[in-house]
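Asks: Dropping the structure in here first, questions after.
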Amino acid sequence: MFHFKELCDLRQQQDEQINISQTSVSSSLQIFAGLLVNVSSIVGWLSWLKYFSIPGYGLSALQINEFTGLNFCSGLNNTDIPPVISCTGEAYLEKQGIDYSTWGLWQNHLALIIMIFCFLSIAYLKLRFIKKFT
């Protein structure tokens with residue numbers, strides 16, 4: 001039979017493992033979402049991981065919603081603006097590699113809905129077939 005101290009030690013080791021795994025998964029999702037690195041600059045053999053990034057789909061949908069139709073250089077003379085600066089929201093989205101069409105916006109929503117459905121199904125099945133203490 002475990003004593004309380006041994007039980008607390010086991011719990012602490014489990015918490016440390018959970019923190020380490022959560023940190024590594026969270027940081028990799030942020031990298032492939034485009035939060036830390038531009039998605040188009042990721043090497044080719046790792047670029048497929050962007051399809052598993054939940055923050056990536058949310059950030060892309062948010063950027064499409066917010067930047068489409070904006071003009072950042074409305075009161076400036078075109079000769080004063082350097083060519084590397086994006087004056088419209090669409091130019092910024094193109095520079096980021098985001099499809100800002102209507103389908104591009106709904107593609108992000110559809111991917112998030114599919115992921116939600118999959119994760120809820122997994123949670124339901126795990127709870128459904130858990131061994132109950134009866």
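Going by the structure tokens order, chains are called A, B, ..., each with residues numbered from 1, while ligands are numbered from 1 in the order shown.
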Find the residues of range 40-69 of chain A that sit at most 7 Å from range 30-36 of chain A; for each, write down the nearest two atoms and how far apart they are in Å, to one decimal. Count only C-alpha atoms. Sort by chain, then by number going up, and give it as CSV.

Replies:
residue,atom,partner,partner_atom,distance
A:Leu49,CA,A:Phe32,CA,6.6
A:Lys50,CA,A:Phe32,CA,4.9
A:Ser53,CA,A:Ala33,CA,5.7
A:Pro55,CA,A:Ala33,CA,5.6
A:Gly56,CA,A:Ala33,CA,3.6

Asks: Write the selection just made, keeping all heavy atoms, as a PDB file, in the first residue's frame?

Replies:
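Saved the output as selection-v1.pdb:
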ATOM      1  N   LEU A  49       3.448  19.417 -41.811  1.00  0.00           N
ATOM      2  CA  LEU A  49       2.970  19.515 -40.429  1.00  0.00           C
ATOM      3  C   LEU A  49       2.033  20.700 -40.212  1.00  0.00           C
ATOM      4  O   LEU A  49       1.317  20.744 -39.223  1.00  0.00           O
ATOM      5  CB  LEU A  49       4.146  19.595 -39.469  1.00  0.00           C
ATOM      6  CG  LEU A  49       4.931  18.299 -39.299  1.00  0.00           C
ATOM      7  CD1 LEU A  49       6.175  18.543 -38.478  1.00  0.00           C
ATOM      8  CD2 LEU A  49       4.070  17.237 -38.652  1.00  0.00           C
ATOM      9  N   LYS A  50       2.020  21.660 -41.141  1.00  0.00           N
ATOM     10  CA  LYS A  50       1.128  22.812 -40.977  1.00  0.00           C
ATOM     11  C   LYS A  50      -0.341  22.404 -41.058  1.00  0.00           C
ATOM     12  O   LYS A  50      -1.205  23.103 -40.553  1.00  0.00           O
ATOM     13  CB  LYS A  50       1.425  23.878 -42.026  1.00  0.00           C
ATOM     14  CG  LYS A  50       1.078  23.475 -43.443  1.00  0.00           C
ATOM     15  CD  LYS A  50       1.427  24.566 -44.427  1.00  0.00           C
ATOM     16  CE  LYS A  50       1.168  24.096 -45.837  1.00  0.00           C
ATOM     17  NZ  LYS A  50       1.571  25.075 -46.813  1.00  0.00           N
ATOM     18  N   SER A  53      -1.905  21.923 -37.518  1.00  0.00           N
ATOM     19  CA  SER A  53      -1.793  23.034 -36.587  1.00  0.00           C
ATOM     20  C   SER A  53      -3.142  23.726 -36.404  1.00  0.00           C
ATOM     21  O   SER A  53      -3.610  24.443 -37.285  1.00  0.00           O
ATOM     22  CB  SER A  53      -0.758  24.032 -37.104  1.00  0.00           C
ATOM     23  OG  SER A  53      -0.654  25.100 -36.222  1.00  0.00           O
ATOM     24  N   PRO A  55      -3.831  26.187 -34.180  1.00  0.00           N
ATOM     25  CA  PRO A  55      -3.682  27.648 -34.174  1.00  0.00           C
ATOM     26  C   PRO A  55      -3.447  28.223 -35.560  1.00  0.00           C
ATOM     27  O   PRO A  55      -3.810  29.373 -35.826  1.00  0.00           O
ATOM     28  CB  PRO A  55      -2.457  27.887 -33.289  1.00  0.00           C
ATOM     29  CG  PRO A  55      -2.319  26.674 -32.468  1.00  0.00           C
ATOM     30  CD  PRO A  55      -2.857  25.554 -33.287  1.00  0.00           C
ATOM     31  N   GLY A  56      -2.867  27.441 -36.462  1.00  0.00           N
ATOM     32  CA  GLY A  56      -2.639  27.928 -37.819  1.00  0.00           C
ATOM     33  C   GLY A  56      -3.934  28.204 -38.564  1.00  0.00           C
ATOM     34  O   GLY A  56      -4.082  29.230 -39.236  1.00  0.00           O
TER      35      GLY A  56
END

Asks: Mind checking which residues fall within 10 Å of Leu93 in chain A, counting only C-alpha atoms, ignoring those fewer than 4 positions away in the same chain, and posting them as an MDAnalysis selection string?

Replies: chainID A and resid 60 63:64 67:68 86 88:89 97:100

Asks: Using N, CA, C and O atoms, can you export the residues from the last selection as an mmCIF file, in the first residue's frame?

Replies:
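As a result, part31.cif now contains:
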data_model
loop_
_atom_site.group_PDB
_atom_site.id
_atom_site.type_symbol
_atom_site.label_atom_id
_atom_site.label_comp_id
_atom_site.auth_asym_id
_atom_site.auth_seq_id
_atom_site.Cartn_x
_atom_site.Cartn_y
_atom_site.Cartn_z
ATOM 1 N N SER A 60 -5.120 31.963 -39.542
ATOM 2 C CA SER A 60 -5.365 32.288 -40.956
ATOM 3 C C SER A 60 -6.773 32.834 -41.154
ATOM 4 O O SER A 60 -6.973 33.821 -41.865
ATOM 5 N N GLN A 63 -6.872 36.364 -39.754
ATOM 6 C CA GLN A 63 -6.181 37.326 -40.608
ATOM 7 C C GLN A 63 -6.975 37.626 -41.870
ATOM 8 O O GLN A 63 -7.035 38.778 -42.305
ATOM 9 N N ILE A 64 -7.586 36.611 -42.471
ATOM 10 C CA ILE A 64 -8.411 36.847 -43.661
ATOM 11 C C ILE A 64 -9.574 37.757 -43.302
ATOM 12 O O ILE A 64 -9.903 38.698 -44.034
ATOM 13 N N PHE A 67 -7.898 41.497 -42.378
ATOM 14 C CA PHE A 67 -7.065 42.239 -43.312
ATOM 15 C C PHE A 67 -7.687 42.439 -44.689
ATOM 16 O O PHE A 67 -7.237 43.304 -45.437
ATOM 17 N N THR A 68 -8.687 41.650 -45.051
ATOM 18 C CA THR A 68 -9.273 41.798 -46.378
ATOM 19 C C THR A 68 -9.997 43.137 -46.473
ATOM 20 O O THR A 68 -10.830 43.473 -45.648
ATOM 21 N N SER A 86 3.677 46.527 -47.509
ATOM 22 C CA SER A 86 2.370 46.164 -48.065
ATOM 23 C C SER A 86 1.376 47.255 -47.704
ATOM 24 O O SER A 86 1.144 47.540 -46.532
ATOM 25 N N THR A 88 -1.884 47.236 -48.795
ATOM 26 C CA THR A 88 -3.234 46.687 -48.661
ATOM 27 C C THR A 88 -3.189 45.407 -47.832
ATOM 28 O O THR A 88 -2.152 44.755 -47.721
ATOM 29 N N GLY A 89 -4.321 45.088 -47.279
ATOM 30 C CA GLY A 89 -4.412 43.857 -46.511
ATOM 31 C C GLY A 89 -4.202 42.632 -47.371
ATOM 32 O O GLY A 89 -3.615 41.635 -46.939
ATOM 33 N N GLY A 97 1.507 34.199 -47.500
ATOM 34 C CA GLY A 97 1.184 32.923 -48.124
ATOM 35 C C GLY A 97 -0.199 32.410 -47.757
ATOM 36 O O GLY A 97 -0.423 31.200 -47.716
ATOM 37 N N ILE A 98 -1.141 33.316 -47.501
ATOM 38 C CA ILE A 98 -2.493 32.949 -47.090
ATOM 39 C C ILE A 98 -3.449 33.216 -48.242
ATOM 40 O O ILE A 98 -3.442 34.299 -48.837
ATOM 41 N N ASP A 99 -4.276 32.224 -48.557
ATOM 42 C CA ASP A 99 -5.305 32.374 -49.587
ATOM 43 C C ASP A 99 -6.461 33.161 -48.982
ATOM 44 O O ASP A 99 -7.150 32.680 -48.093
ATOM 45 N N TYR A 100 -6.695 34.380 -49.459
ATOM 46 C CA TYR A 100 -7.705 35.245 -48.860
ATOM 47 C C TYR A 100 -9.033 35.237 -49.610
ATOM 48 O O TYR A 100 -9.887 36.086 -49.375
#

Asks: Write out as a PDB file with C-alpha atoms, in the first residue's frame which residues come within 8 Å of Ser40 in chain A when counting only C-alpha atoms, dropping same-chain ones fewer than 2 positions away.

Replies:
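Full text of selection-v3.pdb as output:
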ATOM      1  CA  ASN A  38       6.646  32.271 -41.619  1.00  0.00           C
ATOM      2  CA  ILE A  42       9.701  26.083 -43.399  1.00  0.00           C
ATOM      3  CA  GLN A  96       2.267  35.637 -45.668  1.00  0.00           C
ATOM      4  CA  GLY A  97       1.184  32.923 -48.124  1.00  0.00           C
TER       5      GLY A  97
END

Asks: CA of Ile20 in chain A and CA of Ile130 in chain A are how many Å apart?

Replies: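 Interatomic distance here is 26.1 Å.
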
Asks: What are the DSSP alpha helix (DSSP H) residues of chain A, as a ChimeraX atom specification?

Replies: /A:4-33,54-67,89-96,102-128

Asks: Which residues are near Trp106 in chain A? Cut-off 12 Å, only C-alpha atoms, ignore same chain within fewer than 3 positions. Put them as a list of chain:residue names.

Replies: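 These residues fall inside the cut-off: A:Tyr57, A:Gly58, A:Ser60, A:Ala61, A:Leu62, A:Ile64, A:Asn65, A:Asp99, A:Tyr100, A:Ser101, A:Thr102, A:Trp103, A:His109, A:Leu110, A:Ala111, A:Leu112, A:Ile113.
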
Asks: Write out as a list in words the residues lying within 7 Å of Phe72 in chain A, counting only C-alpha atoms and excluding same-chain residues fewer than 2 positions away.

Replies: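 Residues near the query, excluding close chain neighbours: Leu70, Ser74, Cys87 and Thr88 of chain A.
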
Asks: Could you work out how far CA of Leu59 in chain A lies from CA of Lys95 in chain A, giving the answer in Å with one decimal?

Replies: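 Value for the CA of Lys95 in chain A-CA of Leu59 in chain A distance: 15.0 Å.
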
Asks: What is the distance between CA of Met115 in chain A and CA of Phe52 in chain A, in Å to one decimal?

Replies: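 The value is 9.0 Å.
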
Asks: Using only C-alpha atoms, can you tell me which of A:Ile54, A:Cys73, A:Val43, A:Cys118 comes closest to Ser28 in chain A?

Replies: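 Nearest candidate to Ser28 in chain A out of A:Ile54, A:Cys73, A:Val43, A:Cys118: A:Ile54.
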